[in-house]
file run14.txt (compact mmCIF, C-alpha atoms)
# COMPACT_ATOMS: atom_id res chain seq x y z
CA MET L 1 0.00 0.00 0.00
CA ASN L 2 2.91 2.34 0.80
CA GLN L 3 3.91 2.12 -2.82
CA LEU L 4 0.65 3.72 -3.97
CA ILE L 5 0.86 6.41 -1.28
CA GLU L 6 4.42 7.22 -2.35
CA HIS L 7 3.22 7.46 -5.92
CA ILE L 8 0.34 9.76 -4.95
CA ARG L 9 2.78 11.94 -2.97
CA LYS L 10 4.71 12.62 -6.18
CA PHE L 11 1.66 14.59 -7.30
CA ILE L 12 -0.21 15.84 -4.23
CA GLU L 13 0.31 16.19 -0.48
CA VAL L 14 -1.28 13.46 1.60
CA ASP L 15 -0.96 13.22 5.40
CA ASP L 16 -1.00 9.99 7.39
CA SER L 17 -4.69 10.03 8.24
CA GLU L 18 -5.56 10.63 4.57
CA SER L 19 -3.27 7.76 3.61
CA GLU L 20 -5.26 5.47 5.88
CA ILE L 21 -8.51 6.60 4.26
CA ILE L 22 -7.09 5.97 0.78
CA ALA L 23 -5.80 2.54 1.79
CA SER L 24 -9.21 1.51 3.09
CA TYR L 25 -10.68 1.70 -0.45
CA PHE L 26 -8.20 -0.66 -2.08
CA GLU L 27 -7.79 -4.40 -2.08
CA ARG L 28 -4.40 -6.04 -2.50
CA GLU L 29 -4.44 -9.06 -4.81
CA SER L 30 -1.85 -11.50 -6.14
CA PHE L 31 -2.22 -13.19 -9.51
CA LYS L 32 -0.18 -15.91 -11.13
CA LYS L 33 1.28 -15.24 -14.58
CA LYS L 34 -1.33 -15.40 -17.38
CA SER L 35 -4.34 -14.85 -15.08
CA LEU L 36 -7.29 -13.17 -16.81
CA LEU L 37 -8.55 -10.17 -14.84
CA LEU L 38 -11.02 -8.98 -17.49
CA GLU L 39 -12.62 -10.74 -20.45
CA GLU L 40 -14.38 -9.46 -23.56
CA GLY L 41 -18.10 -9.04 -22.90
CA GLN L 42 -17.75 -8.28 -19.19
CA ILE L 43 -18.42 -4.83 -17.78
CA CYS L 44 -15.11 -3.42 -16.63
CA ASP L 45 -15.72 -2.28 -13.10
CA ILE L 46 -12.22 -2.39 -11.67
CA GLN L 47 -9.14 -0.25 -12.01
CA TYR L 48 -5.71 -1.75 -11.21
CA PHE L 49 -2.56 -0.17 -9.83
CA VAL L 50 0.44 -2.45 -10.41
CA LEU L 51 2.65 -2.99 -7.34
CA LYS L 52 4.79 -5.72 -8.89
CA GLY L 53 4.78 -7.54 -12.19
CA CYS L 54 3.16 -6.65 -15.47
CA LEU L 55 -0.36 -6.57 -16.89
CA ARG L 56 -1.45 -6.12 -20.47
CA LEU L 57 -4.65 -5.05 -22.19
CA TYR L 58 -5.37 -6.85 -25.46
CA ILE L 59 -8.10 -7.74 -27.90
CA VAL L 60 -8.68 -10.89 -29.88
CA ASN L 61 -9.17 -9.86 -33.50
CA ASP L 62 -11.42 -11.40 -36.19
CA LYS L 63 -8.74 -13.92 -37.06
CA GLY L 64 -8.58 -15.09 -33.44
CA THR L 65 -5.18 -13.47 -32.91
CA GLU L 66 -4.30 -11.59 -29.74
CA GLN L 67 -3.38 -7.96 -30.30
CA THR L 68 -1.73 -6.23 -27.32
CA LEU L 69 -2.71 -2.57 -27.05
CA GLN L 70 -1.19 -1.62 -23.70
CA PHE L 71 1.17 -2.78 -20.97
CA ALA L 72 1.23 -1.71 -17.33
CA ILE L 73 4.24 -2.27 -15.09
CA GLU L 74 5.06 -1.13 -11.54
CA ASN L 75 3.26 2.12 -10.56
CA TRP L 76 1.06 2.18 -13.66
CA TRP L 77 -2.72 2.18 -13.69
CA ILE L 78 -4.69 0.03 -16.10
CA THR L 79 -8.38 -0.41 -16.92
CA ASP L 80 -10.86 -0.10 -19.80
CA TYR L 81 -12.07 3.44 -19.13
CA MET L 82 -14.74 3.31 -21.83
CA SER L 83 -16.49 0.25 -20.41
CA GLN L 84 -16.08 1.62 -16.89
CA GLN L 85 -17.68 4.94 -17.86
CA THR L 86 -20.48 3.69 -20.07
CA GLN L 87 -21.08 0.41 -18.20
CA ASN L 88 -21.13 -1.26 -21.63
CA PRO L 89 -19.42 -4.61 -22.18
CA THR L 90 -15.69 -4.35 -22.82
CA SER L 91 -13.95 -5.28 -26.08
CA PHE L 92 -10.75 -5.99 -24.17
CA TYR L 93 -8.96 -8.58 -22.08
CA ILE L 94 -6.67 -7.71 -19.18
CA GLN L 95 -4.13 -10.41 -18.29
CA THR L 96 -1.06 -10.71 -16.10
CA VAL L 97 2.12 -11.13 -18.16
CA GLU L 98 4.15 -12.08 -15.04
CA ASN L 99 3.21 -13.12 -11.51
CA SER L 100 1.80 -9.85 -10.31
CA GLU L 101 0.61 -7.96 -7.27
CA VAL L 102 -1.97 -5.24 -7.75
CA LEU L 103 -4.15 -2.87 -5.82
CA SER L 104 -7.69 -2.94 -7.15
CA ILE L 105 -10.56 -0.53 -6.70
CA ASP L 106 -14.06 -0.82 -8.15
CA LYS L 107 -16.03 2.06 -9.64
CA ASN L 108 -18.28 2.59 -6.60
CA SER L 109 -15.33 2.65 -4.22
CA MET L 110 -13.54 5.06 -6.54
CA ASP L 111 -16.57 7.39 -6.52
CA ASP L 112 -16.73 7.16 -2.73
CA LEU L 113 -13.02 7.84 -2.34
CA LEU L 114 -13.22 10.90 -4.60
CA ALA L 115 -16.26 12.22 -2.71
CA ARG L 116 -14.52 11.72 0.63
CA LEU L 117 -11.12 13.05 -0.44
CA PRO L 118 -11.69 15.50 -3.32
CA LYS L 119 -7.95 16.22 -3.45
CA MET L 120 -7.61 12.82 -5.12
CA GLU L 121 -9.32 14.36 -8.18
CA ARG L 122 -6.07 16.23 -8.77
CA TYR L 123 -3.97 13.06 -8.54
CA PHE L 124 -6.15 11.25 -11.08
CA ARG L 125 -6.40 14.33 -13.31
CA LEU L 126 -2.61 14.46 -13.46
CA ILE L 127 -2.30 10.69 -14.07
CA LEU L 128 -4.88 10.83 -16.85
CA GLN L 129 -3.19 13.87 -18.38
CA LYS L 130 0.09 11.96 -18.53
CA SER L 131 -1.65 8.90 -19.95
CA TYR L 132 -3.51 10.93 -22.54
CA ALA L 133 -0.35 12.80 -23.53
CA ALA L 134 1.38 9.44 -24.01
CA SER L 135 -1.49 8.16 -26.14
CA GLN L 136 -1.35 11.27 -28.36
CA MET L 137 2.33 10.45 -28.97
CA ARG L 138 1.53 6.76 -29.43
CA ILE L 139 -1.02 7.55 -32.15
CA MET L 140 1.54 9.78 -33.84
CA TYR L 141 4.11 6.97 -33.86
CA LEU L 142 1.56 4.49 -35.19
CA TYR L 143 0.89 6.81 -38.12
CA THR L 144 4.42 7.82 -38.90
CA GLN L 145 7.00 5.23 -37.87
CA SER L 146 7.91 2.01 -39.62
CA ALA L 147 8.00 -1.18 -37.56
CA GLU L 148 11.78 -0.87 -37.37
CA GLU L 149 11.63 2.73 -36.12
CA ARG L 150 8.97 1.80 -33.53
CA TYR L 151 11.14 -1.06 -32.30
CA ARG L 152 14.27 1.12 -32.03
CA HIS L 153 12.33 3.89 -30.32
CA PHE L 154 10.65 1.56 -27.84
CA ASN L 155 13.90 -0.27 -27.16
CA ARG L 156 15.64 3.02 -26.40
CA LEU L 157 12.91 4.26 -24.07
CA GLN L 158 12.07 0.95 -22.45
CA ALA L 159 15.16 -1.24 -22.80
CA GLU L 160 14.65 -3.01 -19.47
CA PHE L 161 10.99 -3.61 -20.16
CA VAL L 162 11.66 -5.11 -23.60
CA GLN L 163 13.65 -7.85 -21.84
CA ARG L 164 10.71 -8.70 -19.58
CA ILE L 165 7.98 -9.40 -22.09
CA PRO L 166 7.55 -12.23 -24.61
CA GLN L 167 8.55 -11.17 -28.09
CA TYR L 168 5.21 -12.05 -29.69
CA MET L 169 3.44 -9.62 -27.31
CA LEU L 170 5.87 -6.85 -28.16
CA ALA L 171 5.42 -7.66 -31.85
CA SER L 172 1.66 -7.24 -31.66
CA TYR L 173 1.99 -4.11 -29.50
CA LEU L 174 4.28 -2.47 -32.05
CA ASP L 175 2.31 -3.96 -34.96
CA PHE L 176 5.25 -5.78 -36.54
CA SER L 177 4.82 -7.73 -39.74
CA ALA L 178 5.80 -11.42 -39.79
CA GLU L 179 8.64 -10.36 -42.07
CA PHE L 180 10.02 -7.86 -39.57
CA MET L 181 9.70 -10.41 -36.74
CA SER L 182 11.91 -12.89 -38.60
CA LYS L 183 14.45 -10.13 -39.18
CA ILE L 184 14.56 -9.55 -35.39
CA ARG L 185 14.75 -13.26 -34.68
CA ALA L 186 17.62 -13.60 -37.13
CA GLY L 187 19.39 -10.73 -35.33
CA LYS L 188 19.26 -8.60 -38.45
CA VAL L 189 17.86 -5.52 -36.68
CA MET N 1 -18.29 32.09 -22.28
CA ASN N 2 -21.70 30.71 -21.26
CA GLN N 3 -21.05 27.76 -23.55
CA LEU N 4 -18.05 26.67 -21.49
CA ILE N 5 -19.92 27.18 -18.20
CA GLU N 6 -22.81 25.08 -19.52
CA HIS N 7 -20.33 22.40 -20.51
CA ILE N 8 -18.70 22.45 -17.09
CA ARG N 9 -22.13 22.21 -15.45
CA LYS N 10 -22.70 18.88 -17.19
CA PHE N 11 -19.95 17.54 -14.92
CA ILE N 12 -19.83 19.62 -11.74
CA GLU N 13 -21.90 22.25 -9.94
CA VAL N 14 -20.75 25.81 -10.44
CA ASP N 15 -22.53 28.85 -9.01
CA ASP N 16 -22.61 32.30 -10.61
CA SER N 17 -19.69 33.76 -8.65
CA GLU N 18 -17.57 30.71 -9.52
CA SER N 19 -18.56 31.13 -13.18
CA GLU N 20 -17.22 34.67 -13.10
CA ILE N 21 -13.95 33.48 -11.62
CA ILE N 22 -13.63 30.79 -14.32
CA ALA N 23 -14.44 33.28 -17.09
CA SER N 24 -11.72 35.64 -15.88
CA TYR N 25 -9.01 33.08 -16.76
CA PHE N 26 -10.02 32.63 -20.41
CA GLU N 27 -9.56 34.72 -23.51
CA ARG N 28 -12.02 34.60 -26.39
CA GLU N 29 -10.38 34.54 -29.81
CA SER N 30 -11.59 34.35 -33.41
CA PHE N 31 -9.51 32.79 -36.15
CA LYS N 32 -10.04 32.63 -39.89
CA LYS N 33 -10.06 29.23 -41.56
CA LYS N 34 -6.57 27.70 -41.92
CA SER N 35 -4.97 29.83 -39.18
CA LEU N 36 -2.04 28.17 -37.46
CA LEU N 37 -2.39 28.22 -33.66
CA LEU N 38 0.62 26.00 -32.96
CA GLU N 39 3.64 25.05 -35.06
CA GLU N 40 6.18 22.26 -34.78
CA GLY N 41 9.12 23.34 -32.61
CA GLN N 42 7.13 25.76 -30.42
CA ILE N 43 6.39 24.99 -26.78
CA CYS N 44 2.68 24.34 -26.52
CA ASP N 45 1.52 26.59 -23.72
CA ILE N 46 -2.15 27.01 -24.58
CA GLN N 47 -5.20 24.82 -24.33
CA TYR N 48 -8.23 25.56 -26.55
CA PHE N 49 -11.95 25.03 -25.96
CA VAL N 50 -13.85 25.24 -29.25
CA LEU N 51 -16.94 27.49 -29.16
CA LYS N 52 -17.61 27.38 -32.88
CA GLY N 53 -15.82 25.86 -35.86
CA CYS N 54 -13.26 23.12 -36.02
CA LEU N 55 -9.58 22.73 -35.16
CA ARG N 56 -7.25 19.93 -36.04
CA LEU N 57 -3.95 18.64 -34.69
CA TYR N 58 -1.58 17.28 -37.32
CA ILE N 59 2.02 16.48 -38.04
CA VAL N 60 4.07 16.88 -41.18
CA ASN N 61 5.76 13.56 -41.87
CA ASP N 62 9.17 12.85 -43.38
CA LYS N 63 7.72 13.04 -46.87
CA GLY N 64 6.34 16.52 -46.17
CA THR N 65 2.77 15.24 -46.05
CA GLU N 66 0.26 16.45 -43.46
CA GLN N 67 -1.11 13.70 -41.26
CA THR N 68 -4.16 14.67 -39.20
CA LEU N 69 -4.22 12.98 -35.79
CA GLN N 70 -7.14 14.71 -34.11
CA PHE N 71 -10.10 17.02 -34.73
CA ALA N 72 -11.89 19.22 -32.21
CA ILE N 73 -15.34 20.66 -32.86
CA GLU N 74 -17.76 22.59 -30.63
CA ASN N 75 -17.29 21.86 -26.90
CA TRP N 76 -14.10 19.90 -27.38
CA TRP N 77 -10.73 20.67 -25.85
CA ILE N 78 -7.52 20.47 -27.84
CA THR N 79 -3.83 20.88 -27.04
CA ASP N 80 -0.52 19.00 -27.13
CA TYR N 81 -0.51 17.75 -23.54
CA MET N 82 3.01 16.29 -23.81
CA SER N 83 4.63 19.56 -24.83
CA GLN N 84 2.53 21.44 -22.28
CA GLN N 85 3.61 19.09 -19.47
CA THR N 86 7.27 18.69 -20.34
CA GLN N 87 7.73 22.20 -21.79
CA ASN N 88 9.58 20.52 -24.67
CA PRO N 89 9.01 21.64 -28.27
CA THR N 90 5.93 20.15 -29.88
CA SER N 91 5.91 17.75 -32.85
CA PHE N 92 2.46 18.98 -33.83
CA TYR N 93 0.60 21.72 -35.64
CA ILE N 94 -2.82 23.00 -34.53
CA GLN N 95 -4.83 24.70 -37.26
CA THR N 96 -8.39 25.92 -37.77
CA VAL N 97 -10.26 23.85 -40.36
CA GLU N 98 -13.12 26.41 -40.49
CA ASN N 99 -13.49 30.00 -39.28
CA SER N 100 -13.46 29.32 -35.54
CA GLU N 101 -14.08 30.88 -32.17
CA VAL N 102 -12.21 29.47 -29.21
CA LEU N 103 -11.58 30.10 -25.55
CA SER N 104 -7.89 29.87 -24.78
CA ILE N 105 -6.07 29.46 -21.49
CA ASP N 106 -2.32 29.26 -20.97
CA LYS N 107 -0.59 26.86 -18.59
CA ASN N 108 0.04 29.42 -15.82
CA SER N 109 -3.56 30.61 -15.89
CA MET N 110 -4.74 27.00 -15.80
CA ASP N 111 -2.55 26.32 -12.75
CA ASP N 112 -3.91 29.47 -11.07
CA LEU N 113 -7.52 28.55 -11.88
CA LEU N 114 -7.08 25.06 -10.46
CA ALA N 115 -5.47 26.45 -7.30
CA ARG N 116 -8.27 28.97 -6.85
CA LEU N 117 -11.13 26.61 -7.69
CA PRO N 118 -9.97 23.06 -6.88
CA LYS N 119 -13.38 21.70 -7.92
CA MET N 120 -12.25 22.30 -11.51
CA GLU N 121 -9.83 19.38 -10.99
CA ARG N 122 -12.87 17.10 -11.16
CA TYR N 123 -14.11 18.67 -14.38
CA PHE N 124 -10.75 18.22 -16.10
CA ARG N 125 -10.30 14.74 -14.62
CA LEU N 126 -13.62 13.70 -16.16
CA ILE N 127 -12.82 15.36 -19.52
CA LEU N 128 -9.42 13.67 -19.64
CA GLN N 129 -10.95 10.33 -18.65
CA LYS N 130 -13.38 10.59 -21.59
CA SER N 131 -10.58 11.65 -23.93
CA TYR N 132 -8.32 8.84 -22.77
CA ALA N 133 -11.14 6.29 -23.08
CA ALA N 134 -11.73 7.48 -26.65
CA SER N 135 -8.03 7.18 -27.44
CA GLN N 136 -7.94 3.60 -26.10
CA MET N 137 -10.76 2.78 -28.55
CA ARG N 138 -9.04 4.74 -31.32
CA ILE N 139 -5.85 2.73 -30.92
CA MET N 140 -7.92 -0.47 -31.01
CA TYR N 141 -9.55 0.59 -34.29
CA LEU N 142 -6.21 1.56 -35.81
CA TYR N 143 -4.93 -1.95 -35.06
CA THR N 144 -7.97 -3.93 -36.08
CA GLN N 145 -10.08 -2.18 -38.71
CA SER N 146 -9.45 -1.87 -42.42
CA ALA N 147 -9.69 1.59 -44.01
CA GLU N 148 -13.18 0.70 -45.23
CA GLU N 149 -14.34 -0.36 -41.77
CA ARG N 150 -12.86 2.79 -40.21
CA TYR N 151 -14.63 4.93 -42.80
CA ARG N 152 -18.01 3.21 -42.24
CA HIS N 153 -17.60 3.36 -38.46
CA PHE N 154 -16.62 7.03 -38.45
CA ASN N 155 -19.37 7.90 -40.92
CA ARG N 156 -21.94 6.21 -38.68
CA LEU N 157 -20.77 7.91 -35.49
CA GLN N 158 -19.96 11.30 -36.99
CA ALA N 159 -22.07 11.62 -40.17
CA GLU N 160 -22.59 15.34 -39.80
CA PHE N 161 -18.93 15.95 -39.06
CA VAL N 162 -17.79 14.00 -42.12
CA GLN N 163 -19.66 16.55 -44.28
CA ARG N 164 -17.80 19.43 -42.65
CA ILE N 165 -14.19 18.48 -43.26
CA PRO N 166 -12.17 18.24 -46.46
CA GLN N 167 -11.86 14.68 -47.67
CA TYR N 168 -8.05 14.69 -47.71
CA MET N 169 -8.01 15.51 -43.98
CA LEU N 170 -10.42 12.69 -43.22
CA ALA N 171 -8.32 10.39 -45.38
CA SER N 172 -5.17 11.10 -43.40
CA TYR N 173 -7.03 10.90 -40.08
CA LEU N 174 -8.37 7.45 -40.93
CA ASP N 175 -5.10 6.48 -42.65
CA PHE N 176 -6.63 5.64 -46.02
CA SER N 177 -4.51 4.36 -48.87
CA ALA N 178 -4.56 6.27 -52.19
CA GLU N 179 -6.35 3.23 -53.59
CA PHE N 180 -9.15 3.44 -51.04
CA MET N 181 -9.46 7.20 -51.59
CA SER N 182 -10.09 6.72 -55.30
CA LYS N 183 -12.73 4.11 -54.47
CA ILE N 184 -14.49 6.72 -52.28
CA ARG N 185 -14.12 9.39 -54.97
CA ALA N 186 -15.57 7.03 -57.54
CA GLY N 187 -18.52 6.42 -55.20
CA LYS N 188 -17.59 2.75 -54.90
CA VAL N 189 -17.76 2.65 -51.10

call {"tool": "encode", "arguments": {"input": "run14.txt", "output": "structure tokens"}}
result
Amino acid sequence: MNQLIEHIRKFIEVDDSESEIIASYFERESFKKKSLLLEEGQICDIQYFVLKGCLRLYIVNDKGTEQTLQFAIENWWITDYMSQQTQNPTSFYIQTVENSEVLSIDKNSMDDLLARLPKMERYFRLILQKSYAASQMRIMYLYTQSAEERYRHFNRLQAEFVQRIPQYMLASYLDFSAEFMSKIRAGKV
Amino acid sequence: MNQLIEHIRKFIEVDDSESEIIASYFERESFKKKSLLLEEGQICDIQYFVLKGCLRLYIVNDKGTEQTLQFAIENWWITDYMSQQTQNPTSFYIQTVENSEVLSIDKNSMDDLLARLPKMERYFRLILQKSYAASQMRIMYLYTQSAEERYRHFNRLQAEFVQRIPQYMLASYLDFSAEFMSKIRAGKV
């Protein structure tokens, strides 16, 4: 729990009694590698903060292939915001990539926490602003970079992370062609 | 200004004296069609709320071609959040697609407004949550839909909007191939 409080304190001031209030809204959970936390068709009610490990958000496309859209490692939040907001069934899956520990909070608890401690609005506003900024850049890279450029760029920014995840997940995340994957496998990149 | 206050009131309660405070932080500006509000290399300091008209965010790629990444019509916010946060030069251009009226607020004024009226944190948190949810879906569609599916989908959701914007901007936004564009032009879609 301290890990979340430390993270919050990077953005807003929180005293010890407020920390206790915040903690009371979260549940700590451990999941083995490859556990499914959300499946297509469910209503996404829960938001996860990763304490340890790695989660990913993916879809299964028309051809039955998994397509990873997002990863979340330590100190990242992950959820399907659209399903959570609209209460419509999700198109996504959320799965642990490694054995993972998370803090989870459901929508009602989140609403209660924000009503009780309005200063947390600022924390989440800042988190969402960072996330949205990153997704604006992500969309730019999807439009403008070749697979090779995306790989180089991601490798430079996230070298340690690239080592942690299976190559086929990275390939789908960066939208590599089969051709480019064999180039990587052959060490030609 | 009332238009922004009405928009804010869809999300949070704001009384008349608070409305006046909010209004005092914004500047109303009119721009002719095709005015450049932000250029690559500048630090993006300003956030725009569209009262009337349409703005777009685009990049110029290596081949010198404009690639539209985002549109903003009435009651939408637009800015380069990454440049605004990091104070690094932007990769983007923001331009009016039509004659437009906007409310603009710079970063310092935004910080002051949020300090003076912390309840505005909730408004922007909710706006950013909607924007981020939409970008999660957008990334999914970019990965999974063909140009034809994207066109049909966008046309269904935004029929009126599709009529408003030049076809070449829509084409770059939805990442159409030249081949698919000629199909549309020939009325074959």

call {"tool": "interface_residues", "arguments": {"input": "run14.txt", "of": "chain N", "to": "chain L", "cutoff": "6 Å", "atoms": "all atoms listed in the file", "output": "MDAnalysis selection string"}}
result
chainID N and resid 81:82 121:122 125 132:133

call {"tool": "atom_distance", "arguments": {"input": "run14.txt", "atom1": "atom CA of N:Ile78", "atom2": "atom CA of N:Leu170"}}
result
17.5 Å

call {"tool": "residues_around", "arguments": {"input": "run14.txt", "residues": "N:Tyr151", "least_positions_apart": "2", "cutoff": "12 Å", "atoms": "all atoms listed in the file", "output": "list in words"}}
result
Tyr141, Leu142, Gln145, Ser146, Ala147, Glu148, Glu149, His153, Phe154, Asn155, Arg156, Leu157, Gln158, Ala159, Val162, Gln167, Leu170, Ala171, Ser172, Tyr173, Leu174, Asp175, Phe176, Ser177, Phe180, Met181, Lys183, Ile184 and Val189 of chain N

call {"tool": "residues_near_point", "arguments": {"input": "run14.txt", "point": "(-7.6, -2.3, -3.8)", "cutoff": "9 Å", "atoms": "all atoms listed in the file", "output": "JSON, numbers by chain"}}
result
{"L": [1, 23, 24, 25, 26, 27, 28, 29, 47, 48, 49, 102, 103, 104, 105, 106]}

call {"tool": "residues_around", "arguments": {"input": "run14.txt", "residues": "N:Cys54", "least_positions_apart": "3", "cutoff": "10 Å", "atoms": "only C-alpha atoms", "output": "PyMOL selection string"}}
result
chain N and resi 33+50-51+71-74+76+95-102+161+164-165

call {"tool": "write_last_selection", "arguments": {"input": "run14.txt", "atoms": "C-alpha atoms", "output": "PDB file, keeping the file's coordinate frame"}}
result
ATOM      1  CA  LYS N  33     -10.060  29.230 -41.560  1.00  0.00           C
ATOM      2  CA  VAL N  50     -13.850  25.240 -29.250  1.00  0.00           C
ATOM      3  CA  LEU N  51     -16.940  27.490 -29.160  1.00  0.00           C
ATOM      4  CA  PHE N  71     -10.100  17.020 -34.730  1.00  0.00           C
ATOM      5  CA  ALA N  72     -11.890  19.220 -32.210  1.00  0.00           C
ATOM      6  CA  ILE N  73     -15.340  20.660 -32.860  1.00  0.00           C
ATOM      7  CA  GLU N  74     -17.760  22.590 -30.630  1.00  0.00           C
ATOM      8  CA  TRP N  76     -14.100  19.900 -27.380  1.00  0.00           C
ATOM      9  CA  GLN N  95      -4.830  24.700 -37.260  1.00  0.00           C
ATOM     10  CA  THR N  96      -8.390  25.920 -37.770  1.00  0.00           C
ATOM     11  CA  VAL N  97     -10.260  23.850 -40.360  1.00  0.00           C
ATOM     12  CA  GLU N  98     -13.120  26.410 -40.490  1.00  0.00           C
ATOM     13  CA  ASN N  99     -13.490  30.000 -39.280  1.00  0.00           C
ATOM     14  CA  SER N 100     -13.460  29.320 -35.540  1.00  0.00           C
ATOM     15  CA  GLU N 101     -14.080  30.880 -32.170  1.00  0.00           C
ATOM     16  CA  VAL N 102     -12.210  29.470 -29.210  1.00  0.00           C
ATOM     17  CA  PHE N 161     -18.930  15.950 -39.060  1.00  0.00           C
ATOM     18  CA  ARG N 164     -17.800  19.430 -42.650  1.00  0.00           C
ATOM     19  CA  ILE N 165     -14.190  18.480 -43.260  1.00  0.00           C
TER      20      ILE N 165
END

call {"tool": "residues_around", "arguments": {"input": "run14.txt", "residues": "L:Arg9", "least_positions_apart": "5", "cutoff": "10 Å", "atoms": "all atoms listed in the file", "output": "list of chain:residue names"}}
result
L:Gln3, L:Leu4, L:Val14, L:Asp15, L:Ser19, L:Tyr123

call {"tool": "atom_distance", "arguments": {"input": "run14.txt", "atom1": "atom CA of L:Asn88", "atom2": "atom CA of L:Glu66"}}
result
21.3 Å

call {"tool": "atom_distance", "arguments": {"input": "run14.txt", "atom1": "atom CA of N:Lys107", "atom2": "atom CA of N:Thr90"}}
result
14.7 Å

call {"tool": "closest_residue", "arguments": {"input": "run14.txt", "among": "L:Lys10, L:Lys63, L:Arg185, L:Arg116", "to": "L:Ile22", "atoms": "all atoms listed in the file"}}
result
L:Arg116

call {"tool": "closest_residue", "arguments": {"input": "run14.txt", "among": "N:Arg150, N:Tyr93, N:Gln87, N:Gln163", "to": "N:Ile43", "atoms": "all atoms listed in the file"}}
result
N:Gln87

call {"tool": "decode", "arguments": {"input": "run14.txt", "residues": "stretch 125-130 of chain L", "atoms": "all heavy atoms", "output": "mmCIF file, in the first residue's frame"}}
result
data_model
loop_
_atom_site.group_PDB
_atom_site.id
_atom_site.type_symbol
_atom_site.label_atom_id
_atom_site.label_comp_id
_atom_site.auth_asym_id
_atom_site.auth_seq_id
_atom_site.Cartn_x
_atom_site.Cartn_y
_atom_site.Cartn_z
ATOM 1 N N ARG L 125 -6.450 13.426 -12.149
ATOM 2 C CA ARG L 125 -6.396 14.327 -13.309
ATOM 3 C C ARG L 125 -4.978 14.343 -13.884
ATOM 4 O O ARG L 125 -4.778 14.257 -15.099
ATOM 5 C CB ARG L 125 -6.821 15.748 -12.888
ATOM 6 C CG ARG L 125 -7.162 16.687 -14.045
ATOM 7 C CD ARG L 125 -6.048 17.608 -14.456
ATOM 8 N NE ARG L 125 -5.609 18.491 -13.380
ATOM 9 C CZ ARG L 125 -4.517 19.228 -13.445
ATOM 10 N NH1 ARG L 125 -3.741 19.193 -14.529
ATOM 11 N NH2 ARG L 125 -4.160 19.992 -12.426
ATOM 12 N N LEU L 126 -3.992 14.410 -12.992
ATOM 13 C CA LEU L 126 -2.607 14.461 -13.463
ATOM 14 C C LEU L 126 -2.177 13.141 -14.102
ATOM 15 O O LEU L 126 -1.483 13.123 -15.118
ATOM 16 C CB LEU L 126 -1.676 14.861 -12.306
ATOM 17 C CG LEU L 126 -1.835 16.331 -11.872
ATOM 18 C CD1 LEU L 126 -1.177 16.576 -10.512
ATOM 19 C CD2 LEU L 126 -1.253 17.287 -12.928
ATOM 20 N N ILE L 127 -2.600 12.017 -13.508
ATOM 21 C CA ILE L 127 -2.302 10.686 -14.065
ATOM 22 C C ILE L 127 -2.922 10.552 -15.462
ATOM 23 O O ILE L 127 -2.289 10.077 -16.403
ATOM 24 C CB ILE L 127 -2.890 9.587 -13.137
ATOM 25 C CG1 ILE L 127 -2.141 9.532 -11.811
ATOM 26 C CG2 ILE L 127 -2.894 8.209 -13.811
ATOM 27 C CD1 ILE L 127 -0.718 9.122 -11.960
ATOM 28 N N LEU L 128 -4.183 10.960 -15.564
ATOM 29 C CA LEU L 128 -4.881 10.833 -16.851
ATOM 30 C C LEU L 128 -4.284 11.773 -17.894
ATOM 31 O O LEU L 128 -4.227 11.443 -19.075
ATOM 32 C CB LEU L 128 -6.380 11.100 -16.675
ATOM 33 C CG LEU L 128 -7.128 9.909 -16.090
ATOM 34 C CD1 LEU L 128 -8.437 10.340 -15.450
ATOM 35 C CD2 LEU L 128 -7.398 8.855 -17.175
ATOM 36 N N GLN L 129 -3.820 12.925 -17.454
ATOM 37 C CA GLN L 129 -3.194 13.865 -18.382
ATOM 38 C C GLN L 129 -1.903 13.276 -18.947
ATOM 39 O O GLN L 129 -1.640 13.369 -20.138
ATOM 40 C CB GLN L 129 -2.919 15.176 -17.650
ATOM 41 C CG GLN L 129 -2.712 16.346 -18.570
ATOM 42 C CD GLN L 129 -2.799 17.658 -17.799
ATOM 43 O OE1 GLN L 129 -3.843 18.041 -17.275
ATOM 44 N NE2 GLN L 129 -1.668 18.334 -17.713
ATOM 45 N N LYS L 130 -1.133 12.632 -18.072
ATOM 46 C CA LYS L 130 0.087 11.957 -18.533
ATOM 47 C C LYS L 130 -0.252 10.811 -19.490
ATOM 48 O O LYS L 130 0.399 10.620 -20.506
ATOM 49 C CB LYS L 130 0.872 11.395 -17.347
ATOM 50 C CG LYS L 130 1.705 12.430 -16.601
ATOM 51 C CD LYS L 130 2.248 11.872 -15.297
ATOM 52 C CE LYS L 130 3.424 10.951 -15.503
ATOM 53 N NZ LYS L 130 4.729 11.675 -15.392
#
